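The structure file input_25.txt is reproduced below (compact mmCIF, C-alpha atoms).
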# COMPACT_ATOMS: atom_id res chain seq x y z
CA SER M 1 96.82 124.81 95.49
CA ALA M 2 95.05 121.94 97.23
CA VAL M 3 93.19 122.45 100.49
CA ILE M 4 94.61 120.06 103.06
CA SER M 5 93.20 119.34 106.49
CA GLN M 6 94.51 117.21 109.33
CA LYS M 7 92.91 115.67 112.38
CA PRO M 8 93.53 115.99 115.22
CA SER M 9 95.23 119.37 115.30
CA ARG M 10 96.90 118.46 118.58
CA ASP M 11 96.84 115.71 121.16
CA ILE M 12 98.45 114.74 124.41
CA CYS M 13 99.01 111.01 124.78
CA GLN M 14 100.41 108.58 127.29
CA ARG M 15 103.51 106.58 126.48
CA GLY M 16 102.85 103.15 125.08
CA THR M 17 99.65 104.18 123.32
CA SER M 18 99.07 104.85 119.62
CA LEU M 19 97.62 107.79 117.75
CA THR M 20 96.24 107.87 114.22
CA ILE M 21 96.51 111.12 112.32
CA GLN M 22 94.25 111.79 109.36
CA CYS M 23 95.04 113.84 106.28
CA GLN M 24 92.28 114.89 103.88
CA VAL M 25 92.79 116.66 100.55
CA ASP M 26 90.08 118.40 98.55
CA SER M 27 91.30 116.96 95.25
CA GLN M 28 92.63 113.65 94.05
CA VAL M 29 96.39 113.29 94.38
CA THR M 30 98.55 110.35 93.47
CA MET M 31 101.17 110.89 96.12
CA MET M 32 101.08 112.12 99.69
CA PHE M 33 104.00 112.63 102.00
CA TRP M 34 104.30 112.46 105.76
CA TYR M 35 106.86 114.58 107.60
CA ARG M 36 107.95 114.95 111.19
CA GLN M 37 109.11 118.23 112.66
CA GLN M 38 110.66 117.85 116.09
CA PRO M 39 110.60 120.92 118.36
CA GLY M 40 112.70 123.70 116.89
CA GLN M 41 113.93 121.47 114.08
CA SER M 42 113.55 121.07 110.35
CA LEU M 43 111.20 118.79 108.46
CA THR M 44 112.15 115.16 108.04
CA LEU M 45 110.40 112.91 105.56
CA ILE M 46 108.91 109.82 107.18
CA ALA M 47 107.40 108.13 104.15
CA THR M 48 105.79 108.54 100.76
CA ALA M 49 102.25 107.19 100.44
CA ASN M 50 101.22 106.23 96.93
CA GLN M 51 97.63 105.13 96.45
CA GLY M 52 97.36 101.44 95.71
CA SER M 53 100.78 100.44 96.96
CA GLU M 54 102.71 100.11 100.17
CA ALA M 55 104.22 103.26 101.58
CA THR M 56 107.91 103.86 101.01
CA TYR M 57 109.75 104.64 104.24
CA GLU M 58 112.87 106.73 104.68
CA SER M 59 115.92 105.54 106.55
CA GLY M 60 115.25 105.52 110.27
CA PHE M 61 111.49 105.03 109.95
CA VAL M 62 109.78 101.64 109.91
CA ILE M 63 106.30 100.45 109.13
CA ASP M 64 105.77 98.86 112.53
CA LYS M 65 106.29 102.21 114.23
CA PHE M 66 104.59 104.42 111.63
CA PRO M 67 102.01 102.40 109.70
CA ILE M 68 100.39 104.36 106.89
CA SER M 69 97.16 103.80 105.05
CA ARG M 70 96.17 105.28 101.71
CA PRO M 71 92.68 103.98 100.95
CA ASN M 72 91.88 106.48 98.20
CA LEU M 73 93.23 109.44 96.29
CA THR M 74 92.09 112.08 98.81
CA PHE M 75 92.89 110.54 102.17
CA SER M 76 95.74 109.06 104.19
CA THR M 77 96.44 108.16 107.79
CA LEU M 78 99.66 107.94 109.75
CA THR M 79 99.72 106.02 113.01
CA VAL M 80 102.37 106.66 115.62
CA SER M 81 102.59 103.38 117.52
CA ASN M 82 103.80 102.53 121.01
CA MET M 83 104.62 106.16 121.64
CA SER M 84 107.44 107.48 123.77
CA PRO M 85 108.26 111.09 124.72
CA GLU M 86 110.77 111.16 121.85
CA ASP M 87 107.81 110.98 119.45
CA SER M 88 106.63 114.41 120.60
CA SER M 89 106.66 116.37 117.36
CA ILE M 90 104.54 118.05 114.77
CA TYR M 91 103.44 115.63 112.07
CA LEU M 92 102.56 117.12 108.70
CA CYS M 93 101.19 115.66 105.52
CA SER M 94 101.95 117.26 102.19
CA VAL M 95 100.87 116.85 98.60
CA PRO M 96 102.57 117.84 95.35
CA THR M 97 100.84 120.17 92.96
CA ARG M 98 100.80 117.63 90.17
CA GLY M 99 101.91 114.03 89.96
CA GLY M 100 104.87 114.24 92.25
CA ALA M 101 107.57 114.99 89.71
CA SER M 102 110.85 116.24 91.11
CA THR M 103 109.94 119.81 90.15
CA ASP M 104 106.54 119.80 91.83
CA THR M 105 105.79 122.16 94.66
CA GLN M 106 104.63 120.50 97.86
CA TYR M 107 101.90 122.04 99.95
CA PHE M 108 101.55 121.20 103.61
CA GLY M 109 98.66 120.44 105.85
CA PRO M 110 98.30 122.41 109.10
CA GLY M 111 100.06 119.74 111.11
CA THR M 112 99.25 117.66 114.18
CA ARG M 113 101.09 118.67 117.34
CA LEU M 114 101.69 115.54 119.41
CA THR M 115 102.89 115.56 123.00
CA VAL M 116 103.72 112.24 124.64
CA LEU M 117 103.91 112.14 128.43
CA GLY S 1 121.49 110.82 99.88
CA GLU S 2 121.03 114.54 99.53
CA ASN S 3 122.42 116.85 102.20
CA VAL S 4 121.25 120.44 102.45
CA GLU S 5 123.13 122.87 104.67
CA GLN S 6 121.67 126.24 105.58
CA HIS S 7 123.25 129.33 107.11
CA PRO S 8 122.89 131.27 109.27
CA SER S 9 120.73 129.53 111.84
CA THR S 10 119.58 132.88 113.22
CA LEU S 11 119.56 136.31 111.65
CA SER S 12 118.56 139.67 113.09
CA VAL S 13 118.17 142.70 110.87
CA GLN S 14 116.78 146.18 111.26
CA GLU S 15 113.54 146.93 109.51
CA GLY S 16 114.28 148.12 105.99
CA ASP S 17 117.59 146.28 105.72
CA SER S 18 118.20 143.25 103.53
CA ALA S 19 118.46 139.65 104.67
CA VAL S 20 120.35 136.88 102.92
CA ILE S 21 120.09 133.17 103.67
CA LYS S 22 122.41 130.70 101.99
CA CYS S 23 122.08 126.99 101.30
CA THR S 24 124.29 124.35 99.74
CA TYR S 25 123.29 120.94 98.44
CA SER S 26 125.30 117.85 97.65
CA ASP S 27 123.43 115.93 94.96
CA SER S 28 123.76 117.25 91.43
CA ALA S 29 120.54 115.37 90.54
CA SER S 30 118.50 117.90 92.53
CA ASN S 31 116.67 120.11 90.08
CA TYR S 32 114.15 122.11 92.06
CA PHE S 33 114.76 124.40 95.01
CA PRO S 34 111.79 125.77 96.97
CA TRP S 35 111.91 128.14 99.91
CA TYR S 36 109.36 127.93 102.72
CA LYS S 37 108.42 130.40 105.42
CA GLN S 38 107.07 129.03 108.69
CA GLU S 39 105.52 131.38 111.19
CA LEU S 40 105.20 130.25 114.77
CA GLY S 41 102.60 127.53 115.12
CA LYS S 42 101.79 127.54 111.42
CA ARG S 43 102.47 125.24 108.50
CA PRO S 44 105.39 125.89 106.12
CA GLN S 45 104.29 128.09 103.22
CA LEU S 46 106.05 128.28 99.87
CA ILE S 47 107.35 131.79 99.21
CA ILE S 48 109.47 131.31 96.11
CA ASP S 49 111.11 128.53 94.14
CA ILE S 50 113.62 128.08 91.36
CA ARG S 51 114.29 125.33 88.89
CA SER S 52 117.72 124.21 87.87
CA ASN S 53 117.49 125.71 84.39
CA VAL S 54 117.15 129.21 85.87
CA GLY S 55 119.84 131.26 87.61
CA GLU S 56 117.72 133.86 89.31
CA LYS S 57 114.10 134.57 90.10
CA LYS S 58 112.48 137.56 91.71
CA ASP S 59 109.06 138.21 93.22
CA GLN S 60 108.64 141.70 94.63
CA ARG S 61 110.95 141.94 97.68
CA ILE S 62 112.08 138.33 97.47
CA ALA S 63 114.67 136.89 95.12
CA VAL S 64 116.44 133.57 94.84
CA THR S 65 119.70 132.81 93.04
CA LEU S 66 121.06 129.42 92.04
CA ASN S 67 124.62 128.42 91.18
CA LYS S 68 124.45 124.84 89.91
CA THR S 69 128.18 124.55 89.46
CA ALA S 70 128.88 125.43 93.06
CA LYS S 71 125.70 123.72 94.28
CA HIS S 72 124.47 126.64 96.27
CA PHE S 73 121.40 128.83 96.29
CA SER S 74 120.40 131.87 98.26
CA LEU S 75 117.32 133.76 99.37
CA HIS S 76 117.39 137.54 99.38
CA ILE S 77 114.77 139.64 101.12
CA THR S 78 114.98 143.38 100.60
CA GLU S 79 113.31 146.16 102.58
CA THR S 80 112.53 143.76 105.40
CA GLN S 81 109.40 144.27 107.46
CA PRO S 82 108.44 142.95 110.91
CA GLU S 83 106.01 140.50 109.27
CA ASP S 84 108.99 138.86 107.56
CA SER S 85 110.00 137.52 110.97
CA ALA S 86 109.71 133.72 110.78
CA VAL S 87 111.73 130.58 110.22
CA TYR S 88 112.82 130.06 106.63
CA PHE S 89 113.66 126.67 105.17
CA CYS S 90 115.43 125.99 101.92
CA ALA S 91 114.97 122.64 100.22
CA ALA S 92 116.32 120.59 97.35
CA SER S 93 114.14 118.24 95.35
CA LYS S 94 114.99 115.39 93.04
CA GLU S 95 113.49 112.22 91.64
CA SER S 96 114.36 109.17 93.70
CA GLY S 97 113.07 105.66 93.02
CA GLY S 98 110.18 107.03 91.00
CA TYR S 99 109.12 109.48 93.69
CA GLN S 100 109.82 113.11 94.41
CA LYS S 101 112.23 113.41 97.29
CA VAL S 102 112.56 116.76 99.04
CA THR S 103 115.34 117.40 101.55
CA PHE S 104 115.04 120.43 103.79
CA GLY S 105 117.73 122.63 105.24
CA THR S 106 118.00 123.15 108.97
CA GLY S 107 116.18 126.49 108.95
CA THR S 108 116.99 130.14 109.60
CA LYS S 109 115.15 132.09 112.25
CA LEU S 110 114.84 135.63 110.93
CA GLN S 111 114.02 138.45 113.30
CA VAL S 112 113.24 141.87 111.85
CA ILE S 113 113.63 144.56 114.47
CA PRO S 114 111.24 147.51 114.08
Rewrite the structure of this file - the entire thing - as structure tokens.
Amino acid sequence: SAVISQKPSRDICQRGTSLTIQCQVDSQVTMMFWYRQQPGQSLTLIATANQGSEATYESGFVIDKFPISRPNLTFSTLTVSNMSPEDSSIYLCSVPTRGGASTDTQYFGPGTRLTVL
Amino acid sequence: GENVEQHPSTLSVQEGDSAVIKCTYSDSASNYFPWYKQELGKRPQLIIDIRSNVGEKKDQRIAVTLNKTAKHFSLHITETQPEDSAVYFCAASKESGGYQKVTFGTGTKLQVIP
């Protein structure tokens, strides 16, 4: 499986500010996914980041709030913009084992624990 | 869209007993069903998975069954140990708009009592 790292591992931010989370993979992957896990909750897909194209956002998530970059096949960033306390969550990136077919396993990064005051 | 329901939300068992977690899904296009274990403060880790052309899969103390007709799948852990204590998530995966789309269940917090 791919080795996935995220930065920062945690942060405490003031409301109204923005935070950019980085996800680095040790191998080239076509697709990367960004998830949110609110405290004590399940994982919710924010968007799919495909290299060379705009990210595809899920219902309830918009690009202005969660802009995503995918400059190459090993790296992606997720920005949480104009933060409010409701954005306090763990944010995780994940990558599929192969090309992102429906039967691919997804492996997760260690997550970024964000607290917004 | 896909909807995955998971039960129970919490489960306590004595060490050595079995634990069963059940999930249902709504979209017949889902064809891959992974199970993840998440320990406190850690990332979700895949523990077992099953594809829609298989009815059952076993890996040591862990087994998963799939009933495509009824759209439900279950995780079975036998001879539970304290280190099995964690939150378990089922998931259903399908192709959507050219991308893999994975929908997670709500999670089951398993506590194994020594």
Stretch 73-107 of chain S residues near stretch 22-46 of chain M within 10 Å, closest pair each, using all atoms listed in the file, as a Markdown table:
| residue | atom | partner | partner_atom | distance |
| --- | --- | --- | --- | --- |
| S:Val87 | CA | M:Gly40 | CA | 9.6 |
| S:Tyr88 | CA | M:Ser42 | CA | 9.8 |
| S:Phe89 | CA | M:Ser42 | CA | 7.6 |
| S:Cys90 | CA | M:Ser42 | CA | 9.9 |
| S:Ala91 | CA | M:Leu43 | CA | 9.8 |
| S:Tyr99 | CA | M:Met31 | CA | 8.4 |
| S:Gln100 | CA | M:Met31 | CA | 9.1 |
| S:Lys101 | CA | M:Leu45 | CA | 8.5 |
| S:Val102 | CA | M:Leu45 | CA | 7.9 |
| S:Thr103 | CA | M:Thr44 | CA | 7.6 |
| S:Phe104 | CA | M:Leu43 | CA | 6.3 |
| S:Gly105 | CA | M:Ser42 | CA | 6.8 |
| S:Thr106 | CA | M:Ser42 | CA | 5.1 |
| S:Gly107 | CA | M:Ser42 | CA | 6.2 |
- Write down, as a PyMOL selection string, each residue of chain S that has any atom within 12 Å of an atom of chain M, counting all atoms listed in the file. chain S and resi 1+3-6+9+29-53+87-109
- Query: Any idea what the distance is between atom CA of M:Thr97 and atom CA of M:Asp11?
  - Reply: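 Calculated distance between atom CA of M:Thr97 and atom CA of M:Asp11 is 28.8 Å.
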- Using all atoms listed in the file: which of M:Asp87, M:Arg15, M:Pro8, M:Leu78 has the shortest distance to M:Tyr57: M:Leu78
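We find atom CA of M:Lys7 and atom CA of M:Thr77 to be spaced 9.5 Å apart.
Contact shell of S:Ile62 at 7 Å (only C-alpha atoms; same-chain neighbours under 4 positions omitted): Lys58, His76, Ile77 and Thr78 of chain S.
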Residues from the last selection, C-alpha atoms, saved as a PDB file, keeping the file's coordinate frame:
ATOM      1  CA  LYS S  58     112.480 137.560  91.710  1.00  0.00           C
ATOM      2  CA  HIS S  76     117.390 137.540  99.380  1.00  0.00           C
ATOM      3  CA  ILE S  77     114.770 139.640 101.120  1.00  0.00           C
ATOM      4  CA  THR S  78     114.980 143.380 100.600  1.00  0.00           C
TER       5      THR S  78
END
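With all atoms listed in the file as the atoms that count, the minimum distance from S:Ile21 to the choices S:Thr65, S:Gln60, S:Ser74, S:Ser85 is reached by S:Ser74.
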- Message: Nearest residue to M:Glu54 out of M:Ser69, M:Gln6, M:Ser18, M:Thr79, using all atoms listed in the file?
- Response: M:Ser69
Saved stretch 30-73 of chain S from the preceding structure, N, CA and C atoms, as a PDB file, in the first residue's frame:
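So decode.pdb came out as:
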ATOM      1  N   SER S  30     -23.451  -0.766  -6.247  1.00  0.00           N
ATOM      2  CA  SER S  30     -22.281  -0.947  -5.384  1.00  0.00           C
ATOM      3  C   SER S  30     -21.744  -2.361  -5.555  1.00  0.00           C
ATOM      4  N   ASN S  31     -20.437  -2.460  -5.730  1.00  0.00           N
ATOM      5  CA  ASN S  31     -19.869  -3.775  -6.021  1.00  0.00           C
ATOM      6  C   ASN S  31     -18.634  -4.112  -5.202  1.00  0.00           C
ATOM      7  N   TYR S  32     -18.361  -3.286  -4.202  1.00  0.00           N
ATOM      8  CA  TYR S  32     -17.179  -3.550  -3.375  1.00  0.00           C
ATOM      9  C   TYR S  32     -17.481  -3.045  -1.980  1.00  0.00           C
ATOM     10  N   PHE S  33     -17.143  -3.882  -0.974  1.00  0.00           N
ATOM     11  CA  PHE S  33     -17.578  -3.583   0.389  1.00  0.00           C
ATOM     12  C   PHE S  33     -16.403  -3.776   1.356  1.00  0.00           C
ATOM     13  N   PRO S  34     -15.689  -2.707   1.650  1.00  0.00           N
ATOM     14  CA  PRO S  34     -14.576  -2.803   2.597  1.00  0.00           C
ATOM     15  C   PRO S  34     -15.040  -2.538   4.026  1.00  0.00           C
ATOM     16  N   TRP S  35     -14.272  -3.057   4.959  1.00  0.00           N
ATOM     17  CA  TRP S  35     -14.481  -2.790   6.379  1.00  0.00           C
ATOM     18  C   TRP S  35     -13.201  -2.169   6.936  1.00  0.00           C
ATOM     19  N   TYR S  36     -13.392  -1.083   7.702  1.00  0.00           N
ATOM     20  CA  TYR S  36     -12.254  -0.384   8.289  1.00  0.00           C
ATOM     21  C   TYR S  36     -12.352  -0.408   9.804  1.00  0.00           C
ATOM     22  N   LYS S  37     -11.198  -0.474  10.433  1.00  0.00           N
ATOM     23  CA  LYS S  37     -11.080  -0.382  11.887  1.00  0.00           C
ATOM     24  C   LYS S  37     -10.357   0.912  12.206  1.00  0.00           C
ATOM     25  N   GLN S  38     -10.918   1.692  13.120  1.00  0.00           N
ATOM     26  CA  GLN S  38     -10.292   2.954  13.500  1.00  0.00           C
ATOM     27  C   GLN S  38     -10.092   2.981  15.008  1.00  0.00           C
ATOM     28  N   GLU S  39      -8.855   2.909  15.413  1.00  0.00           N
ATOM     29  CA  GLU S  39      -8.529   3.043  16.825  1.00  0.00           C
ATOM     30  C   GLU S  39      -8.487   4.522  17.173  1.00  0.00           C
ATOM     31  N   LEU S  40      -8.624   4.815  18.432  1.00  0.00           N
ATOM     32  CA  LEU S  40      -8.732   6.188  18.895  1.00  0.00           C
ATOM     33  C   LEU S  40      -7.526   7.006  18.451  1.00  0.00           C
ATOM     34  N   GLY S  41      -7.792   8.090  17.758  1.00  0.00           N
ATOM     35  CA  GLY S  41      -6.735   8.981  17.320  1.00  0.00           C
ATOM     36  C   GLY S  41      -5.940   8.497  16.122  1.00  0.00           C
ATOM     37  N   LYS S  42      -6.379   7.396  15.525  1.00  0.00           N
ATOM     38  CA  LYS S  42      -5.640   6.834  14.394  1.00  0.00           C
ATOM     39  C   LYS S  42      -6.460   6.922  13.098  1.00  0.00           C
ATOM     40  N   ARG S  43      -5.811   6.637  12.007  1.00  0.00           N
ATOM     41  CA  ARG S  43      -6.501   6.626  10.721  1.00  0.00           C
ATOM     42  C   ARG S  43      -7.303   5.342  10.562  1.00  0.00           C
ATOM     43  N   PRO S  44      -8.334   5.327   9.737  1.00  0.00           N
ATOM     44  CA  PRO S  44      -9.044   4.075   9.441  1.00  0.00           C
ATOM     45  C   PRO S  44      -8.107   3.115   8.701  1.00  0.00           C
ATOM     46  N   GLN S  45      -8.148   1.846   9.113  1.00  0.00           N
ATOM     47  CA  GLN S  45      -7.309   0.829   8.490  1.00  0.00           C
ATOM     48  C   GLN S  45      -8.201  -0.273   7.940  1.00  0.00           C
ATOM     49  N   LEU S  46      -7.950  -0.670   6.707  1.00  0.00           N
ATOM     50  CA  LEU S  46      -8.716  -1.755   6.102  1.00  0.00           C
ATOM     51  C   LEU S  46      -8.418  -3.059   6.836  1.00  0.00           C
ATOM     52  N   ILE S  47      -9.479  -3.796   7.198  1.00  0.00           N
ATOM     53  CA  ILE S  47      -9.259  -5.083   7.847  1.00  0.00           C
ATOM     54  C   ILE S  47      -9.711  -6.245   6.969  1.00  0.00           C
ATOM     55  N   ILE S  48     -10.701  -6.028   6.158  1.00  0.00           N
ATOM     56  CA  ILE S  48     -11.177  -7.070   5.258  1.00  0.00           C
ATOM     57  C   ILE S  48     -12.101  -6.423   4.242  1.00  0.00           C
ATOM     58  N   ASP S  49     -12.248  -7.039   3.098  1.00  0.00           N
ATOM     59  CA  ASP S  49     -13.148  -6.518   2.086  1.00  0.00           C
ATOM     60  C   ASP S  49     -13.756  -7.673   1.307  1.00  0.00           C
ATOM     61  N   ILE S  50     -14.818  -7.367   0.578  1.00  0.00           N
ATOM     62  CA  ILE S  50     -15.463  -8.407  -0.218  1.00  0.00           C
ATOM     63  C   ILE S  50     -16.017  -7.767  -1.478  1.00  0.00           C
ATOM     64  N   ARG S  51     -15.905  -8.460  -2.568  1.00  0.00           N
ATOM     65  CA  ARG S  51     -16.440  -7.992  -3.825  1.00  0.00           C
ATOM     66  C   ARG S  51     -17.772  -8.665  -4.104  1.00  0.00           C
ATOM     67  N   SER S  52     -18.539  -8.047  -4.981  1.00  0.00           N
ATOM     68  CA  SER S  52     -19.933  -8.469  -5.125  1.00  0.00           C
ATOM     69  C   SER S  52     -20.089  -9.836  -5.753  1.00  0.00           C
ATOM     70  N   ASN S  53     -19.026 -10.388  -6.314  1.00  0.00           N
ATOM     71  CA  ASN S  53     -19.132 -11.720  -6.908  1.00  0.00           C
ATOM     72  C   ASN S  53     -18.768 -12.833  -5.904  1.00  0.00           C
ATOM     73  N   VAL S  54     -18.619 -12.427  -4.644  1.00  0.00           N
ATOM     74  CA  VAL S  54     -18.253 -13.379  -3.597  1.00  0.00           C
ATOM     75  C   VAL S  54     -19.277 -13.281  -2.476  1.00  0.00           C
ATOM     76  N   GLY S  55     -19.636 -14.417  -1.874  1.00  0.00           N
ATOM     77  CA  GLY S  55     -20.627 -14.389  -0.810  1.00  0.00           C
ATOM     78  C   GLY S  55     -20.031 -14.345   0.586  1.00  0.00           C
ATOM     79  N   GLU S  56     -18.804 -14.823   0.705  1.00  0.00           N
ATOM     80  CA  GLU S  56     -18.202 -14.884   2.025  1.00  0.00           C
ATOM     81  C   GLU S  56     -16.685 -14.863   1.880  1.00  0.00           C
ATOM     82  N   LYS S  57     -16.041 -14.254   2.870  1.00  0.00           N
ATOM     83  CA  LYS S  57     -14.582 -14.203   2.873  1.00  0.00           C
ATOM     84  C   LYS S  57     -14.115 -14.249   4.309  1.00  0.00           C
ATOM     85  N   LYS S  58     -13.048 -14.990   4.540  1.00  0.00           N
ATOM     86  CA  LYS S  58     -12.565 -15.143   5.908  1.00  0.00           C
ATOM     87  C   LYS S  58     -11.071 -14.890   5.971  1.00  0.00           C
ATOM     88  N   ASP S  59     -10.642 -14.244   7.050  1.00  0.00           N
ATOM     89  CA  ASP S  59      -9.220 -14.005   7.292  1.00  0.00           C
ATOM     90  C   ASP S  59      -8.980 -14.171   8.777  1.00  0.00           C
ATOM     91  N   GLN S  60      -8.522 -15.332   9.148  1.00  0.00           N
ATOM     92  CA  GLN S  60      -8.256 -15.693  10.549  1.00  0.00           C
ATOM     93  C   GLN S  60      -9.523 -15.512  11.377  1.00  0.00           C
ATOM     94  N   ARG S  61      -9.545 -14.593  12.324  1.00  0.00           N
ATOM     95  CA  ARG S  61     -10.711 -14.442  13.198  1.00  0.00           C
ATOM     96  C   ARG S  61     -11.802 -13.555  12.612  1.00  0.00           C
ATOM     97  N   ILE S  62     -11.558 -13.015  11.440  1.00  0.00           N
ATOM     98  CA  ILE S  62     -12.494 -12.060  10.847  1.00  0.00           C
ATOM     99  C   ILE S  62     -13.130 -12.667   9.599  1.00  0.00           C
ATOM    100  N   ALA S  63     -14.412 -12.487   9.459  1.00  0.00           N
ATOM    101  CA  ALA S  63     -15.111 -12.954   8.269  1.00  0.00           C
ATOM    102  C   ALA S  63     -16.148 -11.917   7.866  1.00  0.00           C
ATOM    103  N   VAL S  64     -16.421 -11.865   6.591  1.00  0.00           N
ATOM    104  CA  VAL S  64     -17.458 -10.971   6.079  1.00  0.00           C
ATOM    105  C   VAL S  64     -18.374 -11.772   5.164  1.00  0.00           C
ATOM    106  N   THR S  65     -19.663 -11.519   5.261  1.00  0.00           N
ATOM    107  CA  THR S  65     -20.638 -12.161   4.388  1.00  0.00           C
ATOM    108  C   THR S  65     -21.386 -11.086   3.618  1.00  0.00           C
ATOM    109  N   LEU S  66     -21.821 -11.423   2.432  1.00  0.00           N
ATOM    110  CA  LEU S  66     -22.542 -10.485   1.570  1.00  0.00           C
ATOM    111  C   LEU S  66     -23.760 -11.173   0.986  1.00  0.00           C
ATOM    112  N   ASN S  67     -24.905 -10.523   1.105  1.00  0.00           N
ATOM    113  CA  ASN S  67     -26.140 -10.978   0.471  1.00  0.00           C
ATOM    114  C   ASN S  67     -26.575  -9.879  -0.488  1.00  0.00           C
ATOM    115  N   LYS S  68     -26.258 -10.070  -1.760  1.00  0.00           N
ATOM    116  CA  LYS S  68     -26.561  -9.024  -2.760  1.00  0.00           C
ATOM    117  C   LYS S  68     -28.049  -8.837  -2.952  1.00  0.00           C
ATOM    118  N   THR S  69     -28.784  -9.916  -2.862  1.00  0.00           N
ATOM    119  CA  THR S  69     -30.227  -9.831  -3.074  1.00  0.00           C
ATOM    120  C   THR S  69     -30.875  -8.945  -2.025  1.00  0.00           C
ATOM    121  N   ALA S  70     -30.467  -9.160  -0.788  1.00  0.00           N
ATOM    122  CA  ALA S  70     -31.034  -8.395   0.318  1.00  0.00           C
ATOM    123  C   ALA S  70     -30.291  -7.086   0.549  1.00  0.00           C
ATOM    124  N   LYS S  71     -29.178  -6.909  -0.143  1.00  0.00           N
ATOM    125  CA  LYS S  71     -28.350  -5.710   0.014  1.00  0.00           C
ATOM    126  C   LYS S  71     -27.892  -5.535   1.455  1.00  0.00           C
ATOM    127  N   HIS S  72     -27.368  -6.601   2.017  1.00  0.00           N
ATOM    128  CA  HIS S  72     -26.754  -6.435   3.322  1.00  0.00           C
ATOM    129  C   HIS S  72     -25.497  -7.277   3.441  1.00  0.00           C
ATOM    130  N   PHE S  73     -24.602  -6.792   4.296  1.00  0.00           N
ATOM    131  CA  PHE S  73     -23.335  -7.467   4.534  1.00  0.00           C
ATOM    132  C   PHE S  73     -22.973  -7.321   6.000  1.00  0.00           C
TER     133      PHE S  73
END
